[in-house]
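Quick look at model06.cif (mmCIF, C-alpha atoms):
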```
data_structure
#
loop_
_atom_site.group_PDB
_atom_site.id
_atom_site.type_symbol
_atom_site.label_atom_id
_atom_site.label_comp_id
_atom_site.auth_asym_id
_atom_site.auth_seq_id
_atom_site.Cartn_x
_atom_site.Cartn_y
_atom_site.Cartn_z
ATOM 1 C CA MET A 1 -71.099 -113.955 78.453
ATOM 2 C CA TYR A 2 -71.808 -114.518 82.129
ATOM 3 C CA PHE A 3 -71.970 -117.692 84.178
ATOM 4 C CA ASN A 4 -72.639 -118.037 87.873
ATOM 5 C CA ARG A 5 -72.146 -121.577 89.147
ATOM 6 C CA ILE A 6 -74.369 -121.194 92.231
ATOM 7 C CA GLU A 7 -77.129 -119.566 90.218
ATOM 8 C CA ALA A 8 -76.930 -122.312 87.602
ATOM 9 C CA LYS A 9 -77.367 -124.963 90.282
ATOM 10 C CA MET A 10 -80.274 -123.172 91.917
ATOM 11 C CA THR A 11 -81.992 -122.777 88.558
ATOM 12 C CA ALA A 12 -81.463 -126.478 87.837
ATOM 13 C CA ARG A 13 -83.056 -127.470 91.132
ATOM 14 C CA ALA A 14 -85.996 -125.156 90.467
ATOM 15 C CA SER A 15 -86.507 -126.739 87.048
ATOM 16 C CA MET A 16 -86.444 -130.208 88.613
ATOM 17 C CA ARG A 17 -88.919 -129.220 91.299
ATOM 18 C CA TRP A 18 -91.779 -128.517 88.889
ATOM 19 C CA ALA A 19 -90.873 -130.932 86.080
ATOM 20 C CA LYS A 20 -93.411 -133.551 85.041
ATOM 21 C CA PRO A 21 -92.710 -136.452 84.938
ATOM 22 C CA SER A 22 -90.314 -136.482 87.848
ATOM 23 C CA PRO A 23 -86.631 -136.305 86.826
ATOM 24 C CA ILE A 24 -85.994 -139.138 89.293
ATOM 25 C CA LEU A 25 -88.376 -141.362 87.322
ATOM 26 C CA VAL A 26 -86.694 -140.448 84.034
ATOM 27 C CA SER A 27 -83.285 -141.212 85.554
ATOM 28 C CA LEU A 28 -84.552 -144.569 86.786
ATOM 29 C CA VAL A 29 -85.783 -145.484 83.305
ATOM 30 C CA TYR A 30 -82.468 -144.362 81.826
ATOM 31 C CA LEU A 31 -80.554 -146.474 84.359
ATOM 32 C CA LEU A 32 -82.637 -149.536 83.535
ATOM 33 C CA LEU A 33 -82.382 -149.061 79.761
ATOM 34 C CA ALA A 34 -78.721 -148.105 79.615
ATOM 35 C CA GLY A 35 -76.828 -149.140 82.724
ATOM 36 C CA VAL A 36 -78.512 -152.409 83.662
ATOM 37 C CA LEU A 37 -78.915 -153.628 80.090
ATOM 38 C CA THR A 38 -75.288 -153.036 79.148
ATOM 39 C CA THR A 39 -74.140 -154.761 82.341
ATOM 40 C CA VAL A 40 -76.381 -157.811 82.381
ATOM 41 C CA ILE A 41 -76.006 -158.888 78.738
ATOM 42 C CA PRO A 42 -72.179 -159.202 78.787
ATOM 43 C CA ARG A 43 -72.386 -161.210 82.004
ATOM 44 C CA LEU A 44 -74.917 -163.557 80.474
ATOM 45 C CA LEU A 45 -72.636 -164.103 77.476
ATOM 46 C CA GLY A 46 -69.516 -164.495 79.605
ATOM 47 C CA ASP A 47 -66.588 -162.095 79.287
ATOM 48 C CA PRO A 48 -63.622 -163.980 77.773
ATOM 49 C CA PHE A 49 -61.188 -161.200 78.667
ATOM 50 C CA THR A 50 -62.159 -161.358 82.340
ATOM 51 C CA GLU A 51 -61.804 -165.110 82.161
ATOM 52 C CA MET A 52 -58.312 -164.808 80.688
ATOM 53 C CA THR A 53 -57.285 -162.389 83.439
ATOM 54 C CA GLU A 54 -58.484 -164.787 86.127
ATOM 55 C CA TYR A 55 -56.511 -167.686 84.646
ATOM 56 C CA LEU A 56 -53.369 -165.549 84.350
ATOM 57 C CA MET A 57 -53.680 -164.493 87.994
ATOM 58 C CA MET A 58 -53.940 -168.173 88.919
ATOM 59 C CA GLY A 59 -50.500 -168.741 87.353
ATOM 60 C CA TYR A 60 -51.348 -170.400 84.035
ATOM 61 C CA GLU A 61 -49.111 -169.737 81.038
ATOM 62 C CA PRO A 62 -50.377 -166.957 78.698
ATOM 63 C CA ALA A 63 -50.149 -169.240 75.651
ATOM 64 C CA ASP A 64 -52.228 -171.925 77.333
ATOM 65 C CA VAL A 65 -54.811 -169.403 78.508
ATOM 66 C CA PHE A 66 -55.130 -167.906 75.025
ATOM 67 C CA GLN A 67 -55.482 -171.370 73.500
ATOM 68 C CA TYR A 68 -58.148 -172.486 75.979
ATOM 69 C CA VAL A 69 -60.216 -169.283 76.210
ATOM 70 C CA VAL A 70 -59.939 -167.821 72.709
ATOM 71 C CA LEU A 71 -58.820 -170.359 70.107
ATOM 72 C CA GLU A 72 -61.084 -173.120 71.379
ATOM 73 C CA ASN A 73 -64.079 -170.759 71.685
ATOM 74 C CA VAL A 74 -63.814 -168.516 68.646
ATOM 75 C CA PRO A 75 -67.593 -168.262 67.982
ATOM 76 C CA ARG A 76 -68.311 -167.240 71.592
ATOM 77 C CA VAL A 77 -65.487 -164.685 71.616
ATOM 78 C CA ALA A 78 -66.636 -163.258 68.268
ATOM 79 C CA LEU A 79 -70.221 -163.015 69.503
ATOM 80 C CA PHE A 80 -69.085 -161.254 72.660
ATOM 81 C CA GLY A 81 -67.061 -158.767 70.594
ATOM 82 C CA VAL A 82 -69.947 -157.947 68.269
ATOM 83 C CA VAL A 83 -72.414 -157.568 71.136
ATOM 84 C CA SER A 84 -69.971 -155.362 73.061
ATOM 85 C CA VAL A 85 -69.611 -153.001 70.099
ATOM 86 C CA LEU A 86 -73.377 -152.831 69.617
ATOM 87 C CA LEU A 87 -73.895 -152.127 73.313
ATOM 88 C CA ASP A 88 -71.291 -149.343 73.213
ATOM 89 C CA LEU A 89 -73.120 -147.728 70.298
ATOM 90 C CA TYR A 90 -76.429 -148.167 72.105
ATOM 91 C CA SER A 91 -75.004 -146.571 75.269
ATOM 92 C CA THR A 92 -73.754 -143.613 73.230
ATOM 93 C CA LEU A 93 -77.189 -143.000 71.725
ATOM 94 C CA MET A 94 -78.882 -143.324 75.114
ATOM 95 C CA GLY A 95 -76.347 -140.927 76.641
ATOM 96 C CA PHE A 96 -77.151 -138.414 73.918
ATOM 97 C CA GLY A 97 -80.835 -138.867 74.744
ATOM 98 C CA TYR A 98 -80.202 -138.123 78.418
ATOM 99 C CA THR A 99 -78.340 -134.978 77.383
ATOM 100 C CA SER A 100 -81.357 -134.020 75.279
ATOM 101 C CA TYR A 101 -83.662 -134.552 78.243
ATOM 102 C CA SER A 102 -81.373 -132.540 80.554
ATOM 103 C CA LEU A 103 -81.269 -129.627 78.117
ATOM 104 C CA ARG A 104 -85.051 -129.480 77.841
ATOM 105 C CA LEU A 105 -85.383 -129.876 81.594
ATOM 106 C CA ALA A 106 -83.030 -126.934 82.180
ATOM 107 C CA ARG A 107 -84.970 -124.789 79.697
ATOM 108 C CA ASN A 108 -88.288 -125.667 81.333
ATOM 109 C CA GLU A 109 -89.552 -127.123 78.079
ATOM 110 C CA PRO A 110 -91.793 -130.193 77.814
ATOM 111 C CA SER A 111 -89.525 -133.155 78.547
ATOM 112 C CA GLY A 112 -89.933 -136.751 79.522
ATOM 113 C CA ILE A 113 -88.935 -140.359 79.009
ATOM 114 C CA GLY A 114 -89.392 -140.072 75.238
ATOM 115 C CA ASN A 115 -86.412 -137.708 75.022
ATOM 116 C CA LEU A 116 -84.135 -140.561 76.088
ATOM 117 C CA PHE A 117 -84.531 -141.953 72.552
ATOM 118 C CA ASP A 118 -83.712 -138.704 70.729
ATOM 119 C CA GLY A 119 -80.338 -140.113 69.717
ATOM 120 C CA PHE A 120 -82.025 -142.765 67.583
ATOM 121 C CA GLN A 121 -83.548 -140.022 65.428
ATOM 122 C CA ARG A 122 -80.078 -139.026 64.163
ATOM 123 C CA PRO A 123 -77.887 -142.042 65.003
ATOM 124 C CA LEU A 124 -75.213 -141.600 62.334
ATOM 125 C CA ARG A 125 -74.515 -137.997 63.290
ATOM 126 C CA VAL A 126 -74.371 -138.760 67.006
ATOM 127 C CA LEU A 127 -72.155 -141.815 66.598
ATOM 128 C CA TRP A 128 -69.820 -140.039 64.198
ATOM 129 C CA ALA A 129 -69.452 -137.161 66.664
ATOM 130 C CA TYR A 130 -68.657 -139.664 69.416
ATOM 131 C CA ILE A 131 -66.055 -141.438 67.264
ATOM 132 C CA LEU A 132 -64.380 -138.166 66.270
ATOM 133 C CA MET A 133 -64.240 -136.926 69.854
ATOM 134 C CA PHE A 134 -62.815 -140.240 71.037
ATOM 135 C CA PHE A 135 -60.186 -140.169 68.280
ATOM 136 C CA PHE A 136 -59.146 -136.571 69.002
ATOM 137 C CA GLU A 137 -58.944 -137.220 72.745
ATOM 138 C CA CYS A 138 -56.693 -140.235 72.164
ATOM 139 C CA LEU A 139 -54.556 -138.302 69.677
ATOM 140 C CA TRP A 140 -53.982 -135.363 72.006
ATOM 141 C CA GLY A 141 -53.476 -137.782 74.880
ATOM 142 C CA LEU A 142 -50.678 -139.488 72.970
ATOM 143 C CA LEU A 143 -49.019 -136.106 72.471
ATOM 144 C CA GLY A 144 -49.093 -135.727 76.232
ATOM 145 C CA LEU A 145 -47.008 -138.907 76.475
ATOM 146 C CA LEU A 146 -44.077 -137.437 74.551
ATOM 147 C CA PRO A 147 -42.246 -135.715 77.476
ATOM 148 C CA GLY A 148 -42.359 -138.883 79.558
ATOM 149 C CA ALA A 149 -41.288 -140.992 76.595
ATOM 150 C CA ALA A 150 -38.276 -138.734 76.043
ATOM 151 C CA ILE A 151 -37.201 -139.136 79.677
ATOM 152 C CA MET A 152 -37.558 -142.901 79.434
ATOM 153 C CA VAL A 153 -35.346 -143.008 76.342
ATOM 154 C CA VAL A 154 -32.696 -140.945 78.110
ATOM 155 C CA GLY A 155 -32.924 -143.218 81.158
ATOM 156 C CA LEU A 156 -32.347 -146.329 79.043
ATOM 157 C CA VAL A 157 -29.029 -145.044 77.705
ATOM 158 C CA LEU A 158 -27.750 -143.768 81.032
ATOM 159 C CA GLU A 159 -26.066 -145.774 83.748
ATOM 160 C CA GLY A 160 -26.547 -145.804 87.500
ATOM 161 C CA ASP A 161 -29.850 -144.182 88.305
ATOM 162 C CA ALA A 162 -31.353 -145.043 84.940
ATOM 163 C CA PHE A 163 -34.164 -147.066 86.523
ATOM 164 C CA ALA A 164 -35.324 -144.104 88.601
ATOM 165 C CA VAL A 165 -35.233 -141.919 85.508
ATOM 166 C CA VAL A 166 -37.253 -144.481 83.558
ATOM 167 C CA MET A 167 -39.883 -144.730 86.292
ATOM 168 C CA THR A 168 -40.115 -140.945 86.442
ATOM 169 C CA GLY A 169 -40.706 -140.905 82.730
ATOM 170 C CA TYR A 170 -43.343 -143.590 83.081
ATOM 171 C CA TRP A 171 -45.332 -141.598 85.607
ATOM 172 C CA LEU A 172 -44.933 -138.412 83.613
ATOM 173 C CA MET A 173 -46.336 -140.235 80.601
ATOM 174 C CA LEU A 174 -49.405 -141.324 82.536
ATOM 175 C CA VAL A 175 -49.983 -137.863 83.996
ATOM 176 C CA GLY A 176 -49.477 -136.224 80.614
ATOM 177 C CA PHE A 177 -51.940 -138.584 78.964
ATOM 178 C CA VAL A 178 -54.618 -138.010 81.607
ATOM 179 C CA ILE A 179 -54.248 -134.216 81.586
ATOM 180 C CA SER A 180 -54.270 -134.008 77.787
ATOM 181 C CA ALA A 181 -57.349 -136.215 77.527
ATOM 182 C CA MET A 182 -59.154 -134.181 80.199
ATOM 183 C CA VAL A 183 -58.436 -130.856 78.505
ATOM 184 C CA VAL A 184 -59.554 -132.136 75.116
ATOM 185 C CA GLY A 185 -62.657 -133.671 76.678
ATOM 186 C CA LEU A 186 -63.584 -130.268 78.104
ATOM 187 C CA ARG A 187 -63.146 -128.671 74.696
ATOM 188 C CA TYR A 188 -65.636 -131.039 73.101
ATOM 189 C CA ARG A 189 -68.143 -131.217 75.968
ATOM 190 C CA LEU A 190 -70.712 -128.974 74.255
ATOM 191 C CA ALA A 191 -70.774 -130.792 70.902
ATOM 192 C CA TYR A 192 -73.967 -132.751 71.615
ATOM 193 C CA TYR A 193 -75.798 -129.570 72.611
ATOM 194 C CA PHE A 194 -75.015 -127.950 69.269
ATOM 195 C CA ILE A 195 -76.369 -131.003 67.460
ATOM 196 C CA LEU A 196 -79.542 -130.758 69.540
ATOM 197 C CA ASP A 197 -80.027 -127.050 68.872
ATOM 198 C CA ASP A 198 -79.259 -127.158 65.145
ATOM 199 C CA PRO A 199 -80.787 -130.017 63.108
ATOM 200 C CA ASN A 200 -78.454 -129.160 60.216
ATOM 201 C CA CYS A 201 -75.267 -129.178 62.318
ATOM 202 C CA THR A 202 -72.881 -131.941 61.292
ATOM 203 C CA ALA A 203 -70.651 -133.814 63.706
ATOM 204 C CA ARG A 204 -67.519 -131.907 62.674
ATOM 205 C CA GLN A 205 -69.329 -128.572 62.845
ATOM 206 C CA ALA A 206 -70.565 -129.405 66.349
ATOM 207 C CA ILE A 207 -67.021 -130.207 67.479
ATOM 208 C CA ARG A 208 -65.646 -126.988 65.965
ATOM 209 C CA ARG A 209 -68.407 -124.939 67.587
ATOM 210 C CA SER A 210 -67.731 -126.577 70.917
ATOM 211 C CA LYS A 211 -64.029 -125.762 70.664
ATOM 212 C CA ALA A 212 -64.817 -122.124 69.861
ATOM 213 C CA ALA A 213 -67.418 -121.792 72.619
ATOM 214 C CA MET A 214 -65.138 -123.330 75.262
ATOM 215 C CA LYS A 215 -62.268 -120.884 74.753
ATOM 216 C CA GLY A 216 -61.682 -119.345 78.156
ATOM 217 C CA TRP A 217 -64.312 -121.533 79.841
ATOM 218 C CA LYS A 218 -62.538 -124.870 80.339
ATOM 219 C CA MET A 219 -61.434 -124.129 83.893
ATOM 220 C CA GLU A 220 -64.942 -122.961 84.797
ATOM 221 C CA LEU A 221 -66.426 -126.199 83.482
ATOM 222 C CA PHE A 222 -63.758 -128.227 85.279
ATOM 223 C CA THR A 223 -64.614 -126.424 88.522
ATOM 224 C CA LEU A 224 -68.294 -127.103 87.890
ATOM 225 C CA ASP A 225 -67.535 -130.809 87.495
ATOM 226 C CA LEU A 226 -65.541 -130.827 90.747
ATOM 227 C CA SER A 227 -68.429 -129.185 92.595
ATOM 228 C CA PHE A 228 -70.472 -132.375 92.072
ATOM 229 C CA PHE A 229 -67.784 -134.667 93.475
ATOM 230 C CA GLY A 230 -69.373 -134.740 96.919
ATOM 231 C CA TRP A 231 -72.779 -135.579 95.487
ATOM 232 C CA VAL A 232 -71.327 -138.386 93.394
ATOM 233 C CA LEU A 233 -69.507 -139.751 96.437
ATOM 234 C CA LEU A 234 -72.768 -139.749 98.395
ATOM 235 C CA GLY A 235 -74.413 -141.478 95.445
ATOM 236 C CA VAL A 236 -71.848 -144.257 95.623
ATOM 237 C CA MET A 237 -72.341 -144.570 99.380
ATOM 238 C CA THR A 238 -76.105 -144.999 98.849
ATOM 239 C CA CYS A 239 -75.529 -147.774 96.271
ATOM 240 C CA GLY A 240 -76.473 -145.412 93.445
ATOM 241 C CA ILE A 241 -79.919 -144.491 94.782
ATOM 242 C CA LEU A 242 -79.039 -140.832 95.287
ATOM 243 C CA MET A 243 -77.683 -140.685 91.717
ATOM 244 C CA LEU A 244 -81.280 -140.819 90.484
ATOM 245 C CA TRP A 245 -81.510 -137.249 91.785
ATOM 246 C CA VAL A 246 -77.911 -136.184 91.214
ATOM 247 C CA GLY A 247 -78.007 -137.232 87.527
ATOM 248 C CA PRO A 248 -80.670 -134.776 86.352
ATOM 249 C CA TYR A 249 -79.358 -132.133 88.768
ATOM 250 C CA ARG A 250 -75.908 -132.301 87.220
ATOM 251 C CA GLY A 251 -77.288 -132.641 83.680
ATOM 252 C CA ALA A 252 -79.525 -129.581 84.017
ATOM 253 C CA THR A 253 -76.693 -127.565 85.573
ATOM 254 C CA GLN A 254 -74.347 -128.433 82.715
ATOM 255 C CA ALA A 255 -77.091 -127.487 80.260
ATOM 256 C CA ASN A 256 -77.338 -124.140 82.053
ATOM 257 C CA PHE A 257 -73.595 -123.761 81.542
ATOM 258 C CA TYR A 258 -74.023 -124.380 77.818
ATOM 259 C CA ASP A 259 -76.826 -121.837 77.557
ATOM 260 C CA ALA A 260 -74.790 -119.294 79.508
ATOM 261 C CA VAL A 261 -71.574 -119.496 77.469
ATOM 262 C CA THR A 262 -73.482 -119.491 74.158
ATOM 263 C CA GLY A 263 -75.870 -116.685 75.127
ATOM 264 C CA ARG A 264 -78.976 -118.842 74.889
ATOM 265 C CA GLY A 265 -80.127 -118.601 78.494
ATOM 266 C CA TYR A 266 -81.490 -115.083 78.723
ATOM 267 C CA ASP A 267 -84.991 -115.474 77.325
ATOM 268 C CA ARG A 268 -85.865 -118.927 78.626
ATOM 269 C CA PRO A 269 -89.155 -119.283 80.504
ATOM 270 C CA GLN A 270 -88.892 -119.612 84.252
ATOM 271 C CA PRO A 271 -90.211 -122.727 85.995
ATOM 272 C CA GLN A 272 -93.740 -122.299 87.263
ATOM 273 C CA PRO A 273 -95.450 -124.217 90.057
ATOM 274 C CA PRO A 274 -98.588 -126.111 89.143
ATOM 275 C CA VAL A 275 -101.769 -124.047 89.410
ATOM 276 C CA ARG A 276 -103.816 -125.047 92.450
ATOM 277 C CA TYR A 277 -107.536 -124.328 92.366
ATOM 278 C CA THR A 278 -109.782 -123.906 95.386
ATOM 279 C CA TYR A 279 -113.497 -123.401 95.523
ATOM 280 C CA ASP A 280 -114.869 -120.394 97.387
ATOM 281 C CA PRO A 281 -118.619 -120.801 98.017
ATOM 282 C CA ASN A 282 -118.929 -117.085 98.867
ATOM 283 C CA ALA A 283 -117.464 -115.894 95.575
ATOM 284 C CA ASN A 284 -119.646 -114.711 92.733
ATOM 285 C CA GLY A 285 -120.127 -117.243 89.987
ATOM 286 C CA ASP A 286 -119.905 -121.000 89.980
ATOM 287 C CA GLY A 287 -116.347 -121.479 88.732
ATOM 288 C CA PRO A 288 -113.259 -122.192 90.799
ATOM 289 C CA VAL A 289 -110.975 -119.394 91.843
ATOM 290 C CA LEU A 290 -107.219 -119.298 92.427
#
```
Reformat the file's structure so that it appears as structure tokens.
Amino acid sequence: MYFNRIEAKMTARASMRWAKPSPILVSLVYLLLAGVLTTVIPRLLGDPFTEMTEYLMMGYEPADVFQYVVLENVPRVALFGVVSVLLDLYSTLMGFGYTSYSLRLARNEPSGIGNLFDGFQRPLRVLWAYILMFFFECLWGLLGLLPGAAIMVVGLVLEGDAFAVVMTGYWLMLVGFVISAMVVGLRYRLAYYFILDDPNCTARQAIRRSKAAMKGWKMELFTLDLSFFGWVLLGVMTCGILMLWVGPYRGATQANFYDAVTGRGYDRPQPQPPVRYTYDPNANGDGPVL
């Protein structure tokens, strides 16, 4: 297989240029349906965990804060918990839909706002894949904590510079967890694409296929992610406005990566500009000509 990062980005921009409706419009709808909705609703309900943190920072005793915020408001806390879980599931399905849109955009297939809801056509499979990937990432991340944990145990039984040893172990644990989670996340990055391409693919099969496809490609995908860091930074500096363009650009590029490493990108149709007709009064016939 062959993958050229610059070529993948150029192809993604070409696909965006001729896509109808505009990818910026689709990204705006996605932001309103996913980002704004999942942010506004928790604020309207009131986040008890944020409230507890604020009281603790003000110097109140943890037992008193827990009694006042949680025990005296059990129905509100329970409602917030249920709504938070439902919103997480909703965000997962919408994220799958945006991946579906990005894949069709990259392949120059008919795509639009309706693809944002593709996850609701197979919700159990998508959610189960998300849960499995989250579980495996946490599991491998915990394994990355073991070297740091061992150093901390040694530091606790030593004298003198034991504190420095313990702190070293603490930081090694954090670094190990982050690196392990990142590597595992790269292994499973293509799982949603396999579900999209194969209606009969189960969640576990998609994860296994992603692991097999990503052998030897994790560093390339990591480099591809880093290449968008500048764009994301500019998006933050523009209060997220630029992300309406960066989102589909990055999504289509990652879809090109998937097609490249799985051998699906060779026969795709190329993006075509819209046909523009002009009328030539000197031409034979009454119809328009190109």
Residues near Val232 in chain A, cut-off 9 Å, all atoms listed in the file, skip fewer than 6 positions along chain, as a CSV table (one decimal) with C-alpha atoms, in the frame of the given file:
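Saved as part.csv:
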```csv
chain,number,residue,atom,x,y,z
A,240,GLY,CA,-76.5,-145.4,93.4
A,242,LEU,CA,-79.0,-140.8,95.3
A,243,MET,CA,-77.7,-140.7,91.7
A,246,VAL,CA,-77.9,-136.2,91.2
A,247,GLY,CA,-78.0,-137.2,87.5
```
- Message: Residues within 9 Å of Leu25 in chain A, please, as a list of chain:residue names. Count only C-alpha atoms; anything in the same chain fewer than 4 positions from it doesn't count.
- Response: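 Final neighbour list, sorted by chain and number: A:Pro21, A:Val29, A:Tyr30, A:Ile113, A:Leu244.
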Please produce an output containing C-alpha atoms for each residue in the selection, written as a PDB file, in the coordinates of the input.
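part-v8.pdb written:
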```
ATOM      1  CA  PRO A  21     -92.710-136.452  84.938  1.00  0.00           C
ATOM      2  CA  VAL A  29     -85.783-145.484  83.305  1.00  0.00           C
ATOM      3  CA  TYR A  30     -82.468-144.362  81.826  1.00  0.00           C
ATOM      4  CA  ILE A 113     -88.935-140.359  79.009  1.00  0.00           C
ATOM      5  CA  LEU A 244     -81.280-140.819  90.484  1.00  0.00           C
TER       6      LEU A 244
END
```
- Computed interatomic separation between CA of Met52 in chain A and CA of Glu72 in chain A (Å):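 Distance reported for this atom pair: 12.8 Å.
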- Task: I would like the residues chosen by the PyMOL selection byres ((chain A and resi 83) around 12) on the shown file; could you give them as a list in words?
- Result: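 Applying the expression gives Leu37, Thr38, Thr39, Val40, Ile41, Pro42, Arg43, Leu44, Leu45, Gly46, Asp47, Arg76, Val77, Ala78, Leu79, Phe80, Gly81, Val82, Ser84, Val85, Leu86, Leu87, Asp88, Leu89 and Tyr90 of chain A.
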Just-selected residues, C-alpha atoms written as an mmCIF file, keeping the file's coordinate frame:
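Writing done, so here's part.cif:
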```
data_model
loop_
_atom_site.group_PDB
_atom_site.id
_atom_site.type_symbol
_atom_site.label_atom_id
_atom_site.label_comp_id
_atom_site.auth_asym_id
_atom_site.auth_seq_id
_atom_site.Cartn_x
_atom_site.Cartn_y
_atom_site.Cartn_z
ATOM 1 C CA LEU A 37 -78.915 -153.628 80.090
ATOM 2 C CA THR A 38 -75.288 -153.036 79.148
ATOM 3 C CA THR A 39 -74.140 -154.761 82.341
ATOM 4 C CA VAL A 40 -76.381 -157.811 82.381
ATOM 5 C CA ILE A 41 -76.006 -158.888 78.738
ATOM 6 C CA PRO A 42 -72.179 -159.202 78.787
ATOM 7 C CA ARG A 43 -72.386 -161.210 82.004
ATOM 8 C CA LEU A 44 -74.917 -163.557 80.474
ATOM 9 C CA LEU A 45 -72.636 -164.103 77.476
ATOM 10 C CA GLY A 46 -69.516 -164.495 79.605
ATOM 11 C CA ASP A 47 -66.588 -162.095 79.287
ATOM 12 C CA ARG A 76 -68.311 -167.240 71.592
ATOM 13 C CA VAL A 77 -65.487 -164.685 71.616
ATOM 14 C CA ALA A 78 -66.636 -163.258 68.268
ATOM 15 C CA LEU A 79 -70.221 -163.015 69.503
ATOM 16 C CA PHE A 80 -69.085 -161.254 72.660
ATOM 17 C CA GLY A 81 -67.061 -158.767 70.594
ATOM 18 C CA VAL A 82 -69.947 -157.947 68.269
ATOM 19 C CA SER A 84 -69.971 -155.362 73.061
ATOM 20 C CA VAL A 85 -69.611 -153.001 70.099
ATOM 21 C CA LEU A 86 -73.377 -152.831 69.617
ATOM 22 C CA LEU A 87 -73.895 -152.127 73.313
ATOM 23 C CA ASP A 88 -71.291 -149.343 73.213
ATOM 24 C CA LEU A 89 -73.120 -147.728 70.298
ATOM 25 C CA TYR A 90 -76.429 -148.167 72.105
#
```
- Message: Going by the chain IDs and residue numbers used in this file, which residues fall under the PyMOL selection byres ((chain A and resi 114-118) around 12)? Write them as a ChimeraX atom specification.
- Response: /A:21,23,26-34,90-105,109-113,119-123,125-126,192,195-196,199
- Selection: 12 Å around range 209-214 of chain A, all atoms listed in the file, excl. self and same-chain fewer than 6 positions, as a PyMOL selection string: chain A and resi 1+129+133+136+183-195+197-198+201-203+220-222+257-263
- Could you work out how far CA of Asp225 in chain A lies from CA of Ala255 in chain A, giving the answer in Å with one decimal?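 Between CA of Ala255 in chain A and CA of Asp225 in chain A the gap works out to 12.4 Å.
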- Query: From the list A:Ile6, A:Ala106, A:Phe135, A:Phe228, which residue is nearest Asn256 in chain A when using all atoms listed in the file?
  - Reply: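 Between A:Ile6, A:Ala106, A:Phe135, A:Phe228, the residue approaching Asn256 in chain A most closely is A:Ala106.
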- Query: Which residues come within 10 Å of Ser15 in chain A, counting all atoms listed in the file, excluding same-chain residues fewer than 2 positions away, as a list in words?
  - Reply: Lys9, Met10, Thr11, Ala12, Arg13, Arg17, Trp18, Ala19, Lys20, Pro23, Arg104, Leu105, Ala106, Arg107, Asn108, Glu109, Pro248, Tyr249, Ala252, Thr253, Gln270, Pro271, Gln272 and Pro273 of chain A
Could you dump the residues just selected with C-alpha atoms as a PDB file, keeping the file's coordinate frame?
```pdb
ATOM      1  CA  LYS A   9     -77.367-124.963  90.282  1.00  0.00           C
ATOM      2  CA  MET A  10     -80.274-123.172  91.917  1.00  0.00           C
ATOM      3  CA  THR A  11     -81.992-122.777  88.558  1.00  0.00           C
ATOM      4  CA  ALA A  12     -81.463-126.478  87.837  1.00  0.00           C
ATOM      5  CA  ARG A  13     -83.056-127.470  91.132  1.00  0.00           C
ATOM      6  CA  ARG A  17     -88.919-129.220  91.299  1.00  0.00           C
ATOM      7  CA  TRP A  18     -91.779-128.517  88.889  1.00  0.00           C
ATOM      8  CA  ALA A  19     -90.873-130.932  86.080  1.00  0.00           C
ATOM      9  CA  LYS A  20     -93.411-133.551  85.041  1.00  0.00           C
ATOM     10  CA  PRO A  23     -86.631-136.305  86.826  1.00  0.00           C
ATOM     11  CA  ARG A 104     -85.051-129.480  77.841  1.00  0.00           C
ATOM     12  CA  LEU A 105     -85.383-129.876  81.594  1.00  0.00           C
ATOM     13  CA  ALA A 106     -83.030-126.934  82.180  1.00  0.00           C
ATOM     14  CA  ARG A 107     -84.970-124.789  79.697  1.00  0.00           C
ATOM     15  CA  ASN A 108     -88.288-125.667  81.333  1.00  0.00           C
ATOM     16  CA  GLU A 109     -89.552-127.123  78.079  1.00  0.00           C
ATOM     17  CA  PRO A 248     -80.670-134.776  86.352  1.00  0.00           C
ATOM     18  CA  TYR A 249     -79.358-132.133  88.768  1.00  0.00           C
ATOM     19  CA  ALA A 252     -79.525-129.581  84.017  1.00  0.00           C
ATOM     20  CA  THR A 253     -76.693-127.565  85.573  1.00  0.00           C
ATOM     21  CA  GLN A 270     -88.892-119.612  84.252  1.00  0.00           C
ATOM     22  CA  PRO A 271     -90.211-122.727  85.995  1.00  0.00           C
ATOM     23  CA  GLN A 272     -93.740-122.299  87.263  1.00  0.00           C
ATOM     24  CA  PRO A 273     -95.450-124.217  90.057  1.00  0.00           C
TER      25      PRO A 273
END
```
- Message: One decimal, in Å: what's the spacing between CA of Met16 in chain A and CA of Trp231 in chain A?
- Response: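 A separation of 16.2 Å between them.
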- Nearest to Leu56 in chain A, chosen from A:Trp245, A:Thr223, A:Tyr68, A:Arg264, with all atoms listed in the file counted in the distances: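 Answer, going by the shortest atom-to-atom distance: A:Tyr68.
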